[in-house]
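Colleague: Got a file for you: input10.cif, mmCIF, C-alpha atoms and all ligand atoms.
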data_protein
#
loop_
_atom_site.label_atom_id
_atom_site.label_comp_id
_atom_site.auth_asym_id
_atom_site.auth_seq_id
_atom_site.Cartn_x
_atom_site.Cartn_y
_atom_site.Cartn_z
CA MET M 28 -56.83 8.66 -32.81
CA LYS M 29 -54.69 11.57 -33.93
CA ALA M 30 -51.23 12.31 -32.56
CA LEU M 31 -48.09 14.31 -33.27
CA VAL M 32 -45.65 11.77 -34.72
CA TYR M 33 -41.88 12.30 -35.00
CA HIS M 34 -40.43 11.25 -38.37
CA GLY M 35 -36.74 12.07 -37.92
CA PRO M 36 -34.95 15.41 -37.44
CA GLY M 37 -37.11 18.37 -38.48
CA GLN M 38 -40.03 16.09 -39.44
CA LYS M 39 -43.29 15.78 -37.53
CA ALA M 40 -46.95 15.34 -38.48
CA TRP M 41 -50.34 15.51 -36.73
CA GLU M 42 -51.72 12.26 -38.19
CA GLU M 43 -53.98 9.24 -37.70
CA VAL M 44 -52.41 6.42 -35.64
CA PRO M 45 -53.85 3.34 -33.82
CA ASP M 46 -55.58 4.22 -30.53
CA ALA M 47 -53.44 4.04 -27.35
CA ARG M 48 -54.59 0.96 -25.39
CA LEU M 49 -53.80 -0.95 -22.20
CA GLN M 50 -50.73 -3.20 -22.50
CA GLU M 51 -50.01 -4.09 -18.85
CA PRO M 52 -52.41 -4.52 -15.90
CA THR M 53 -50.71 -1.54 -14.19
CA ASP M 54 -51.56 0.81 -17.14
CA VAL M 55 -54.35 3.29 -17.61
CA VAL M 56 -55.34 5.12 -20.79
CA VAL M 57 -55.90 8.88 -20.48
CA ARG M 58 -57.80 11.13 -22.88
CA VAL M 59 -55.59 14.20 -23.22
CA ASP M 60 -57.54 17.38 -22.40
CA THR M 61 -54.51 19.72 -22.30
CA THR M 62 -50.90 19.36 -23.37
CA THR M 63 -47.96 21.69 -23.98
CA ILE M 64 -44.54 21.80 -25.66
CA CYS M 65 -41.18 21.69 -23.84
CA GLY M 66 -37.79 22.98 -24.98
CA THR M 67 -36.78 19.33 -24.96
CA ASP M 68 -39.28 18.62 -27.78
CA LEU M 69 -37.41 21.18 -29.87
CA HIS M 70 -34.13 19.41 -29.04
CA ILE M 71 -35.68 16.13 -30.22
CA LEU M 72 -36.81 17.74 -33.50
CA GLY M 73 -33.29 19.12 -33.84
CA GLY M 74 -32.05 15.51 -33.79
CA ASP M 75 -30.27 15.90 -30.43
CA VAL M 76 -31.97 12.95 -28.68
CA ALA M 77 -30.98 9.78 -30.53
CA ALA M 78 -33.22 7.53 -28.38
CA VAL M 79 -36.29 9.10 -30.05
CA THR M 80 -36.91 7.19 -33.27
CA ASP M 81 -39.16 7.55 -36.33
CA GLY M 82 -42.81 6.88 -35.44
CA ARG M 83 -42.62 8.03 -31.80
CA ILE M 84 -45.50 10.21 -30.55
CA LEU M 85 -43.98 13.33 -28.93
CA GLY M 86 -44.81 15.14 -25.66
CA HIS M 87 -44.30 14.51 -21.93
CA GLU M 88 -46.79 16.86 -20.25
CA ALA M 89 -50.58 16.38 -20.00
CA VAL M 90 -53.75 16.85 -18.02
CA GLY M 91 -56.53 14.47 -18.98
CA THR M 92 -59.36 12.13 -18.09
CA VAL M 93 -58.93 8.40 -17.40
CA THR M 94 -60.83 6.35 -20.04
CA GLU M 95 -59.54 2.79 -19.36
CA VAL M 96 -58.05 1.16 -16.26
CA GLY M 97 -55.84 -1.95 -16.07
CA ASP M 98 -56.84 -4.84 -13.76
CA ALA M 99 -54.07 -4.13 -11.22
CA VAL M 100 -54.75 -0.39 -10.88
CA ARG M 101 -56.33 0.47 -7.51
CA GLY M 102 -56.06 4.25 -7.17
CA PHE M 103 -57.72 5.54 -10.35
CA SER M 104 -61.09 5.06 -12.03
CA VAL M 105 -62.61 5.94 -15.39
CA GLY M 106 -63.54 9.64 -15.36
CA ASP M 107 -60.80 10.80 -12.96
CA ARG M 108 -59.12 14.10 -13.92
CA VAL M 109 -55.39 13.45 -13.72
CA LEU M 110 -52.01 15.09 -14.16
CA VAL M 111 -49.60 13.04 -16.30
CA PRO M 112 -46.13 14.14 -15.17
CA ALA M 113 -42.95 14.08 -17.26
CA VAL M 114 -41.47 11.37 -15.01
CA THR M 115 -42.98 7.87 -14.65
CA LYS M 116 -42.16 5.79 -11.58
CA CYS M 117 -42.62 2.13 -10.67
CA GLY M 118 -42.43 2.97 -6.96
CA ARG M 119 -40.47 -0.19 -6.16
CA CYS M 120 -36.97 0.00 -7.65
CA GLU M 121 -34.04 1.27 -5.60
CA TYR M 122 -34.16 4.75 -7.13
CA CYS M 123 -37.93 5.12 -6.68
CA GLN M 124 -37.60 3.99 -3.07
CA ARG M 125 -34.92 6.53 -2.31
CA GLY M 126 -37.11 9.30 -3.80
CA MET M 127 -35.22 9.62 -7.10
CA PRO M 128 -37.69 8.40 -9.75
CA SER M 129 -35.76 10.39 -12.35
CA HIS M 130 -33.69 7.20 -12.50
CA CYS M 131 -36.50 4.62 -12.16
CA GLN M 132 -34.86 1.39 -13.29
CA THR M 133 -38.07 -0.43 -14.16
CA VAL M 134 -39.33 1.91 -16.87
CA GLY M 135 -36.08 2.02 -18.84
CA GLY M 136 -33.33 3.30 -16.52
CA ILE M 137 -34.58 6.88 -16.74
CA GLY M 138 -37.88 8.23 -15.41
CA TRP M 139 -38.57 10.42 -18.45
CA ILE M 140 -40.11 7.97 -20.95
CA PHE M 141 -43.11 9.78 -22.56
CA GLY M 142 -42.27 11.09 -26.02
CA HIS M 143 -38.81 9.56 -25.53
CA LEU M 144 -38.85 5.77 -24.96
CA ILE M 145 -42.64 5.28 -25.31
CA ASP M 146 -45.43 7.21 -27.05
CA GLY M 147 -46.16 10.59 -25.51
CA THR M 148 -48.85 13.09 -24.64
CA GLN M 149 -49.23 15.26 -27.76
CA ALA M 150 -52.08 12.96 -28.77
CA GLU M 151 -55.80 12.39 -28.25
CA LEU M 152 -55.04 9.38 -26.00
CA VAL M 153 -51.95 8.27 -24.05
CA ARG M 154 -51.09 4.98 -22.30
CA VAL M 155 -49.68 5.62 -18.81
CA PRO M 156 -47.55 2.80 -17.30
CA TYR M 157 -47.42 2.33 -13.49
CA ALA M 158 -50.44 4.58 -13.20
CA ASP M 159 -50.93 4.10 -9.44
CA THR M 160 -47.47 5.44 -8.61
CA SER M 161 -47.14 7.96 -11.46
CA LEU M 162 -50.42 9.86 -11.88
CA TYR M 163 -51.85 12.61 -9.64
CA LEU M 164 -55.53 13.41 -9.15
CA VAL M 165 -56.10 17.09 -9.90
CA PRO M 166 -58.05 18.83 -7.09
CA ASP M 167 -61.17 20.77 -8.12
CA ALA M 168 -59.50 24.03 -7.10
CA VAL M 169 -56.81 23.58 -9.77
CA THR M 170 -57.71 24.24 -13.44
CA ASP M 171 -56.28 22.34 -16.40
CA ASP M 172 -54.50 25.56 -17.47
CA GLN M 173 -52.68 25.54 -14.13
CA ALA M 174 -52.08 21.82 -13.70
CA ILE M 175 -50.40 21.42 -17.08
CA PHE M 176 -47.33 23.36 -15.85
CA LEU M 177 -46.95 21.01 -12.89
CA ALA M 178 -45.99 18.22 -15.31
CA ASP M 179 -42.48 19.57 -15.89
CA SER M 180 -41.64 23.33 -15.73
CA LEU M 181 -42.70 24.10 -12.15
CA PRO M 182 -41.22 21.01 -10.46
CA THR M 183 -38.00 21.51 -12.45
CA GLY M 184 -37.55 25.15 -11.40
CA TYR M 185 -38.49 24.28 -7.83
CA GLU M 186 -36.57 21.01 -7.31
CA VAL M 187 -33.46 21.49 -9.44
CA GLY M 188 -33.27 25.26 -8.81
CA VAL M 189 -34.82 26.38 -5.50
CA LEU M 190 -34.48 23.17 -3.44
CA ALA M 191 -31.14 21.96 -4.80
CA GLY M 192 -29.79 25.52 -4.47
CA GLY M 193 -30.86 25.57 -0.80
CA VAL M 194 -32.70 28.92 -0.99
CA ARG M 195 -33.44 30.10 2.57
CA PRO M 196 -35.07 33.15 4.24
CA GLY M 197 -33.12 36.33 3.56
CA HIS M 198 -31.13 34.89 0.66
CA THR M 199 -30.20 36.82 -2.43
CA VAL M 200 -30.69 34.70 -5.55
CA ALA M 201 -29.79 35.20 -9.21
CA VAL M 202 -31.67 33.31 -11.92
CA VAL M 203 -29.80 33.19 -15.23
CA GLY M 204 -32.45 32.53 -17.90
CA ALA M 205 -36.09 33.57 -17.47
CA GLY M 206 -37.75 30.96 -19.68
CA ALA M 207 -40.56 28.77 -18.34
CA VAL M 208 -38.12 26.94 -16.06
CA GLY M 209 -36.28 30.00 -14.70
CA LEU M 210 -39.63 31.74 -14.21
CA SER M 211 -40.89 28.64 -12.39
CA ALA M 212 -37.94 28.95 -10.01
CA ILE M 213 -38.91 32.60 -9.48
CA LEU M 214 -42.59 31.71 -8.94
CA THR M 215 -41.72 29.16 -6.24
CA MET M 216 -38.82 30.94 -4.57
CA GLY M 217 -41.00 33.16 -2.39
CA LEU M 218 -42.06 30.01 -0.53
CA TRP M 219 -38.55 29.97 0.96
CA GLY M 220 -38.39 33.66 1.78
CA ALA M 221 -35.67 34.87 -0.57
CA SER M 222 -35.28 38.59 0.05
CA ARG M 223 -33.80 39.55 -3.31
CA VAL M 224 -34.32 37.75 -6.64
CA ILE M 225 -32.34 38.98 -9.64
CA ALA M 226 -33.45 37.73 -13.07
CA ILE M 227 -30.96 37.81 -15.94
CA ASP M 228 -32.05 37.29 -19.55
CA SER M 229 -31.47 38.70 -23.02
CA ASN M 230 -35.24 38.79 -23.71
CA LYS M 231 -36.88 41.99 -22.38
CA PHE M 232 -40.40 40.52 -22.40
CA ARG M 233 -39.26 37.69 -20.17
CA LEU M 234 -37.51 40.11 -17.81
CA GLU M 235 -40.84 41.96 -17.48
CA LYS M 236 -42.51 38.63 -16.72
CA ALA M 237 -39.82 37.86 -14.13
CA ILE M 238 -40.68 41.07 -12.22
CA GLU M 239 -44.40 40.26 -12.51
CA PHE M 240 -43.66 36.76 -11.11
CA GLY M 241 -41.80 38.03 -8.05
CA ALA M 242 -38.23 38.97 -9.05
CA THR M 243 -37.01 42.17 -7.38
CA ASP M 244 -34.42 43.06 -10.04
CA ALA M 245 -34.09 42.52 -13.80
CA VAL M 246 -30.67 42.58 -15.45
CA GLU M 247 -30.12 42.37 -19.18
CA ALA M 248 -27.67 39.62 -20.19
CA GLY M 249 -24.45 40.90 -21.74
CA PRO M 250 -20.88 41.91 -20.95
CA ASN M 251 -21.94 44.13 -18.00
CA ALA M 252 -24.35 41.70 -16.37
CA VAL M 253 -21.92 40.29 -13.79
CA ALA M 254 -20.66 43.73 -12.72
CA ASP M 255 -24.26 44.94 -12.53
CA VAL M 256 -25.30 42.09 -10.22
CA LEU M 257 -22.20 42.50 -8.04
CA SER M 258 -22.96 46.23 -7.67
CA ARG M 259 -26.49 45.35 -6.49
CA THR M 260 -25.15 42.86 -3.90
CA ASP M 261 -22.50 44.84 -1.99
CA GLY M 262 -19.82 43.47 -4.31
CA LEU M 263 -20.19 40.00 -2.80
CA GLY M 264 -22.55 38.32 -5.23
CA VAL M 265 -25.52 36.07 -4.48
CA ASP M 266 -26.15 33.20 -2.06
CA VAL M 267 -27.64 31.05 -4.81
CA ALA M 268 -27.02 31.35 -8.56
CA ILE M 269 -29.51 29.32 -10.61
CA GLU M 270 -28.62 28.49 -14.22
CA ALA M 271 -31.72 27.86 -16.39
CA VAL M 272 -30.45 28.11 -19.97
CA GLY M 273 -27.96 25.29 -20.65
CA TYR M 274 -25.00 27.04 -22.34
CA PRO M 275 -21.36 27.20 -21.17
CA GLU M 276 -21.47 31.01 -20.96
CA THR M 277 -24.58 31.07 -18.77
CA LEU M 278 -23.12 28.53 -16.33
CA LEU M 279 -19.96 30.67 -16.21
CA THR M 280 -22.15 33.71 -15.48
CA ALA M 281 -23.77 31.84 -12.59
CA ALA M 282 -20.32 30.83 -11.32
CA ALA M 283 -19.14 34.45 -11.47
CA LEU M 284 -22.15 35.62 -9.44
CA VAL M 285 -21.98 33.26 -6.47
CA ARG M 286 -20.55 34.55 -3.17
CA PRO M 287 -18.26 32.54 -0.86
CA GLY M 288 -20.19 29.70 0.74
CA GLY M 289 -22.91 29.95 -1.89
CA THR M 290 -24.44 27.45 -4.31
CA ILE M 291 -24.59 27.26 -8.10
CA ALA M 292 -27.73 25.27 -9.01
CA ASN M 293 -27.49 24.15 -12.62
CA ILE M 294 -30.85 23.28 -14.24
CA GLY M 295 -29.87 23.69 -17.89
CA VAL M 296 -29.49 20.70 -20.18
CA HIS M 297 -25.93 20.92 -21.51
CA GLY M 298 -24.83 19.52 -24.85
CA ARG M 299 -21.11 20.28 -24.55
CA PRO M 300 -18.34 20.41 -21.94
CA VAL M 301 -17.98 23.55 -19.78
CA GLU M 302 -14.63 24.72 -18.41
CA LEU M 303 -15.24 26.04 -14.87
CA PRO M 304 -12.71 28.34 -13.10
CA MET M 305 -11.93 25.82 -10.36
CA GLN M 306 -8.84 27.85 -9.37
CA ASP M 307 -11.24 30.55 -8.12
CA LEU M 308 -14.15 28.43 -6.99
CA TRP M 309 -12.38 25.94 -4.69
CA ILE M 310 -11.30 28.55 -2.18
CA GLN M 311 -14.77 30.12 -2.13
CA ASN M 312 -16.41 27.05 -0.55
CA VAL M 313 -18.89 26.93 -3.42
CA THR M 314 -21.33 24.06 -3.98
CA LEU M 315 -22.41 23.05 -7.51
CA THR M 316 -25.63 21.06 -7.92
CA MET M 317 -27.28 19.60 -11.06
CA GLY M 318 -29.76 16.94 -12.06
CA LEU M 319 -32.80 15.63 -13.87
CA VAL M 320 -36.09 16.59 -12.21
CA ASP M 321 -37.75 13.89 -10.04
CA THR M 322 -41.19 15.62 -10.00
CA VAL M 323 -41.59 14.46 -6.37
CA SER M 324 -42.60 18.02 -5.39
CA ILE M 325 -45.86 17.79 -7.40
CA PRO M 326 -48.10 17.14 -4.34
CA THR M 327 -46.62 20.21 -2.58
CA LEU M 328 -46.94 22.37 -5.68
CA LEU M 329 -50.53 21.21 -6.34
CA THR M 330 -51.42 22.37 -2.82
CA MET M 331 -49.75 25.73 -3.35
CA VAL M 332 -51.48 26.25 -6.71
CA ALA M 333 -54.85 25.23 -5.22
CA SER M 334 -54.47 27.79 -2.41
CA GLY M 335 -53.55 30.56 -4.85
CA ARG M 336 -49.94 30.94 -3.67
CA ILE M 337 -48.51 29.94 -7.07
CA PRO M 338 -50.28 31.49 -10.11
CA ALA M 339 -49.22 28.65 -12.41
CA GLU M 340 -51.61 29.68 -15.21
CA LYS M 341 -49.44 32.73 -15.91
CA LEU M 342 -46.87 30.51 -17.64
CA GLY M 343 -49.37 29.88 -20.48
CA THR M 344 -49.42 32.80 -22.90
CA HIS M 345 -50.79 31.25 -26.11
CA HIS M 346 -53.70 28.82 -26.68
CA PHE M 347 -54.04 26.43 -29.63
CA THR M 348 -56.19 23.43 -30.61
CA PHE M 349 -54.81 20.01 -31.56
CA ASP M 350 -55.21 20.70 -35.29
CA GLN M 351 -53.07 23.85 -34.84
CA MET M 352 -50.14 21.81 -33.50
CA ASP M 353 -47.77 23.20 -36.17
CA GLN M 354 -48.63 26.80 -35.21
CA ALA M 355 -48.17 25.93 -31.54
CA TYR M 356 -44.67 24.59 -32.28
CA ASP M 357 -43.83 27.56 -34.47
CA THR M 358 -44.91 30.03 -31.76
CA PHE M 359 -42.94 28.18 -29.08
CA ALA M 360 -39.83 27.80 -31.25
CA HIS M 361 -39.84 31.57 -31.98
CA ALA M 362 -40.97 32.61 -28.53
CA ALA M 363 -39.23 35.99 -28.53
CA ASP M 364 -41.04 37.10 -31.75
CA HIS M 365 -44.41 36.07 -30.33
CA LEU M 366 -43.93 37.33 -26.73
CA ALA M 367 -44.55 33.73 -25.70
CA LEU M 368 -43.78 31.64 -22.63
CA LYS M 369 -45.59 28.26 -22.84
CA THR M 370 -48.36 27.20 -25.22
CA VAL M 371 -51.57 25.56 -23.97
CA ILE M 372 -52.95 23.00 -26.46
CA THR M 373 -56.46 21.52 -26.16
CA PRO M 374 -58.68 19.29 -28.35
CA ALA M 375 -60.97 22.10 -29.52
N1 LIG M 401 -32.77 19.50 -15.36
C1 LIG M 401 -33.96 19.17 -15.78
O1 LIG M 401 -34.57 18.20 -15.33
C2 LIG M 401 -34.63 20.00 -16.83
C3 LIG M 401 -36.01 19.84 -17.08
C4 LIG M 401 -36.61 20.69 -18.03
C5 LIG M 401 -35.84 21.64 -18.70
N2 LIG M 401 -34.50 21.74 -18.43
C6 LIG M 401 -33.63 22.72 -19.12
O2 LIG M 401 -33.80 23.98 -18.50
C7 LIG M 401 -33.38 24.99 -19.41
C8 LIG M 401 -34.44 26.07 -19.48
O3 LIG M 401 -35.63 25.53 -20.03
P1 LIG M 401 -36.79 26.49 -20.58
O4 LIG M 401 -37.90 25.61 -21.03
O5 LIG M 401 -37.06 27.57 -19.61
O6 LIG M 401 -36.03 27.08 -21.86
P2 LIG M 401 -36.27 28.43 -22.66
O7 LIG M 401 -35.55 28.29 -23.94
O8 LIG M 401 -37.74 28.75 -22.67
O9 LIG M 401 -35.58 29.54 -21.72
C9 LIG M 401 -34.22 29.86 -21.76
C10 LIG M 401 -34.10 31.35 -21.51
O10 LIG M 401 -32.71 31.67 -21.52
C11 LIG M 401 -32.55 32.94 -22.15
N3 LIG M 401 -31.17 33.08 -22.61
C12 LIG M 401 -30.61 32.62 -23.75
N4 LIG M 401 -29.31 32.97 -23.80
C13 LIG M 401 -29.05 33.66 -22.66
C14 LIG M 401 -27.88 34.27 -22.12
N5 LIG M 401 -26.72 34.22 -22.77
N6 LIG M 401 -27.97 34.87 -20.91
C15 LIG M 401 -29.15 34.92 -20.24
N7 LIG M 401 -30.29 34.35 -20.71
C16 LIG M 401 -30.23 33.73 -21.91
C17 LIG M 401 -33.59 32.93 -23.24
O11 LIG M 401 -33.92 34.26 -23.66
C18 LIG M 401 -34.77 32.22 -22.56
O12 LIG M 401 -35.65 33.15 -21.94
C19 LIG M 401 -33.12 24.27 -20.74
O13 LIG M 401 -31.73 23.98 -20.85
C20 LIG M 401 -33.93 22.98 -20.57
O14 LIG M 401 -33.46 21.96 -21.42
C21 LIG M 401 -33.90 20.95 -17.51
ZN ZN M 402 -39.71 18.85 -20.55
ZN ZN M 403 -38.71 2.71 -10.14
#
Please lay out the structure from this file as structure tokens.
Modeller:
Amino acid sequence: MKALVYHGPGQKAWEEVPDARLQEPTDVVVRVDTTTICGTDLHILGGDVAAVTDGRILGHEAVGTVTEVGDAVRGFSVGDRVLVPAVTKCGRCEYCQRGMPSHCQTVGGIGWIFGHLIDGTQAELVRVPYADTSLYLVPDAVTDDQAIFLADSLPTGYEVGVLAGGVRPGHTVAVVGAGAVGLSAILTMGLWGASRVIAIDSNKFRLEKAIEFGATDAVEAGPNAVADVLSRTDGLGVDVAIEAVGYPETLLTAAALVRPGGTIANIGVHGRPVELPMQDLWIQNVTLTMGLVDTVSIPTLLTMVASGRIPAEKLGTHHFTFDQMDQAYDTFAHAADHLALKTVITPA
């Protein structure tokens, strides 16, 4: 089979490798029909994720068709159309049982293993461990171009942003960063009845998308952004400030926007320490949340996509085939130049 293989920082190749095959009775093998690229894949290629070593097949998002089934698998059969989510779960360890498969102990201490600790989904075939408890059947009403964004972006924006932030009817919410994840928070926020949703980004195209996806206000990032948001919220700020970038300055922006009693929901992956103004925050009764996505909201989100309430397909702006993997990466890495959100990559 062919797959996108990581060969150290800055090095990757779409090349011939041995076929993915069953290794454990709880495995299935899936033929990948659609995959995509995550910001995390760019971090890996930048050399930021030391656990990813030379020879690893990249990718942690896929929709595909089951081609082989291990002896212990009960819930899936050859031919099933399935969603392969970013997080794998054994279903039995303490973290899985308390609903936090992001820290599944059985698969390596962290639920994100594809394209990280084991071979991933940017390939013609992928081995899926603990298939019964990890895979989701895709309903007929949901297309591959929709389901692919349920593997990571949508559950992340929803769980780590909207749910962790405690968005409730009537709330005013700011979303700092309107990439696929911030936009996913915006796409799912209406489910909780937020009355005002203010998107903040430096990229004008993404601010336009934010309005199209349900934001009520768009604010350009910069020195006046905080004052601008305060002036739109009676000087008080927002009930929930979602951070979806991952830089110290954007977390500080979120902290400057939250009103007393509000919540800062950090989604961004941070690579360095951030100094928060605790002298101001403590007396404001502010809550700060953060975390790795569990993807446990996938069944809910699948239902909402199937009923037309979440237009997930809108996150995909560019289509490529497997043999155009380099172009797909280039477009995603220079998203602003290409007016891109996520890429959709299919065999042909
Ligand atoms: N917690 C989790 O489980 C989890 C899962 C997936 C992704 N993430 C993280 O979520 C973050 C967002 O992911 P993404 O895929 O949407 O990334 P992205 O790069 O597509 O989007 C980031 C957005 O932030 C904007 N931005 C950059 N600097 C800014 C600034 N100073 N002010 C305002 N906006 C600014 C960019 O223009 C871009 O639109 C990343 O840090 C990613 O690693 C976290
Ligand atoms: Zn990801
Ligand atoms: Zn587990």
Colleague: Please build the interface table for segment 69-162 of chain M against segment 36-45 of chain M with a cut-off of 8 Å, listing for each qualifying residue the nearest atom pair and the distance in Å to one decimal; count all atoms listed in the file, order rows by chain and increasing number, and write it as JSON lines.
Modeller:
{"residue": "M:Ile71", "atom": "CA", "partner": "M:Pro36", "partner_atom": "CA", "distance": 7.3}
{"residue": "M:Leu72", "atom": "CA", "partner": "M:Pro36", "partner_atom": "CA", "distance": 4.9}
{"residue": "M:Gly73", "atom": "CA", "partner": "M:Pro36", "partner_atom": "CA", "distance": 5.4}
{"residue": "M:Gly74", "atom": "CA", "partner": "M:Pro36", "partner_atom": "CA", "distance": 4.7}
Colleague: Go ahead and write the residues just picked, C-alpha atoms, as a PDB file, in the coordinates of the input.
Modeller:
ATOM      1  CA  ILE M  71     -35.680  16.130 -30.220  1.00  0.00           C
ATOM      2  CA  LEU M  72     -36.810  17.740 -33.500  1.00  0.00           C
ATOM      3  CA  GLY M  73     -33.290  19.120 -33.840  1.00  0.00           C
ATOM      4  CA  GLY M  74     -32.050  15.510 -33.790  1.00  0.00           C
TER       5      GLY M  74
END
Colleague: Which one of M:Gln149, M:Ala363, M:Leu278, M:Leu144 sits closest to Ala30 of chain M if you count only C-alpha atoms?
Modeller: M:Gln149
Colleague: At a cut-off of 8 Å around ligand ZN 403 (chain M), and using only C-alpha atoms and all ligand atoms, what residues come up? Please write them as number ranges by chain.
Modeller: M: 116-124, 128, 130-134, 138
Colleague: Would you export the selected residues with C-alpha atoms as a PDB file, in the coordinates of the input, please?
Modeller:
ATOM      1  CA  LYS M 116     -42.160   5.790 -11.580  1.00  0.00           C
ATOM      2  CA  CYS M 117     -42.620   2.130 -10.670  1.00  0.00           C
ATOM      3  CA  GLY M 118     -42.430   2.970  -6.960  1.00  0.00           C
ATOM      4  CA  ARG M 119     -40.470  -0.190  -6.160  1.00  0.00           C
ATOM      5  CA  CYS M 120     -36.970   0.000  -7.650  1.00  0.00           C
ATOM      6  CA  GLU M 121     -34.040   1.270  -5.600  1.00  0.00           C
ATOM      7  CA  TYR M 122     -34.160   4.750  -7.130  1.00  0.00           C
ATOM      8  CA  CYS M 123     -37.930   5.120  -6.680  1.00  0.00           C
ATOM      9  CA  GLN M 124     -37.600   3.990  -3.070  1.00  0.00           C
ATOM     10  CA  PRO M 128     -37.690   8.400  -9.750  1.00  0.00           C
ATOM     11  CA  HIS M 130     -33.690   7.200 -12.500  1.00  0.00           C
ATOM     12  CA  CYS M 131     -36.500   4.620 -12.160  1.00  0.00           C
ATOM     13  CA  GLN M 132     -34.860   1.390 -13.290  1.00  0.00           C
ATOM     14  CA  THR M 133     -38.070  -0.430 -14.160  1.00  0.00           C
ATOM     15  CA  VAL M 134     -39.330   1.910 -16.870  1.00  0.00           C
ATOM     16  CA  GLY M 138     -37.880   8.230 -15.410  1.00  0.00           C
TER      17      GLY M 138
END
Colleague: Can you tell me which residues sit at most 7 Å away from ligand LIG 401 (chain M), counting only C-alpha atoms and all ligand atoms, written as a count of residues only?
Modeller: 34
Colleague: Determine the nearest neighbour of ligand ZN 402 (chain M) from the options M:Glu247, M:Asp54, M:Asp68, M:Asp81, counting only C-alpha atoms and all ligand atoms.
Modeller: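 Looking at the shortest contact to ligand ZN 402 (chain M), the residue is M:Asp68.
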Colleague: Report, in Å with one decimal, the straight-line distance from atom CA of Thr260 of chain M to atom CA of Glu302 of chain M.
Modeller: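 According to the coordinates, atom CA of Thr260 of chain M and atom CA of Glu302 of chain M are separated by 25.5 Å.
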Colleague: List as a PyMOL selection string the protein and nucleic acid residues near Arg195 of chain M, meaning an atom at most 10 Å away when only C-alpha atoms are counted, but skip any in the same chain fewer than 3 places from it.
Modeller: chain M and resi 189-190+192+198-200+216-222+266-267
Colleague: Would you mind exporting C-alpha atoms of the selected residues as a PDB file, keeping the file's coordinate frame?
Modeller:
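File out34.pdb, as written:
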ATOM      1  CA  VAL M 189     -34.820  26.380  -5.500  1.00  0.00           C
ATOM      2  CA  LEU M 190     -34.480  23.170  -3.440  1.00  0.00           C
ATOM      3  CA  GLY M 192     -29.790  25.520  -4.470  1.00  0.00           C
ATOM      4  CA  HIS M 198     -31.130  34.890   0.660  1.00  0.00           C
ATOM      5  CA  THR M 199     -30.200  36.820  -2.430  1.00  0.00           C
ATOM      6  CA  VAL M 200     -30.690  34.700  -5.550  1.00  0.00           C
ATOM      7  CA  MET M 216     -38.820  30.940  -4.570  1.00  0.00           C
ATOM      8  CA  GLY M 217     -41.000  33.160  -2.390  1.00  0.00           C
ATOM      9  CA  LEU M 218     -42.060  30.010  -0.530  1.00  0.00           C
ATOM     10  CA  TRP M 219     -38.550  29.970   0.960  1.00  0.00           C
ATOM     11  CA  GLY M 220     -38.390  33.660   1.780  1.00  0.00           C
ATOM     12  CA  ALA M 221     -35.670  34.870  -0.570  1.00  0.00           C
ATOM     13  CA  SER M 222     -35.280  38.590   0.050  1.00  0.00           C
ATOM     14  CA  ASP M 266     -26.150  33.200  -2.060  1.00  0.00           C
ATOM     15  CA  VAL M 267     -27.640  31.050  -4.810  1.00  0.00           C
TER      16      VAL M 267
END
Colleague: Taking all atoms listed in the file into account, name the residue in M:Lys29, M:Lys236, M:Lys369, M:Arg108 that is nearest to ligand ZN 402 (chain M).
Modeller: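 Distance minimum relative to ligand ZN 402 (chain M) lands on M:Lys369.
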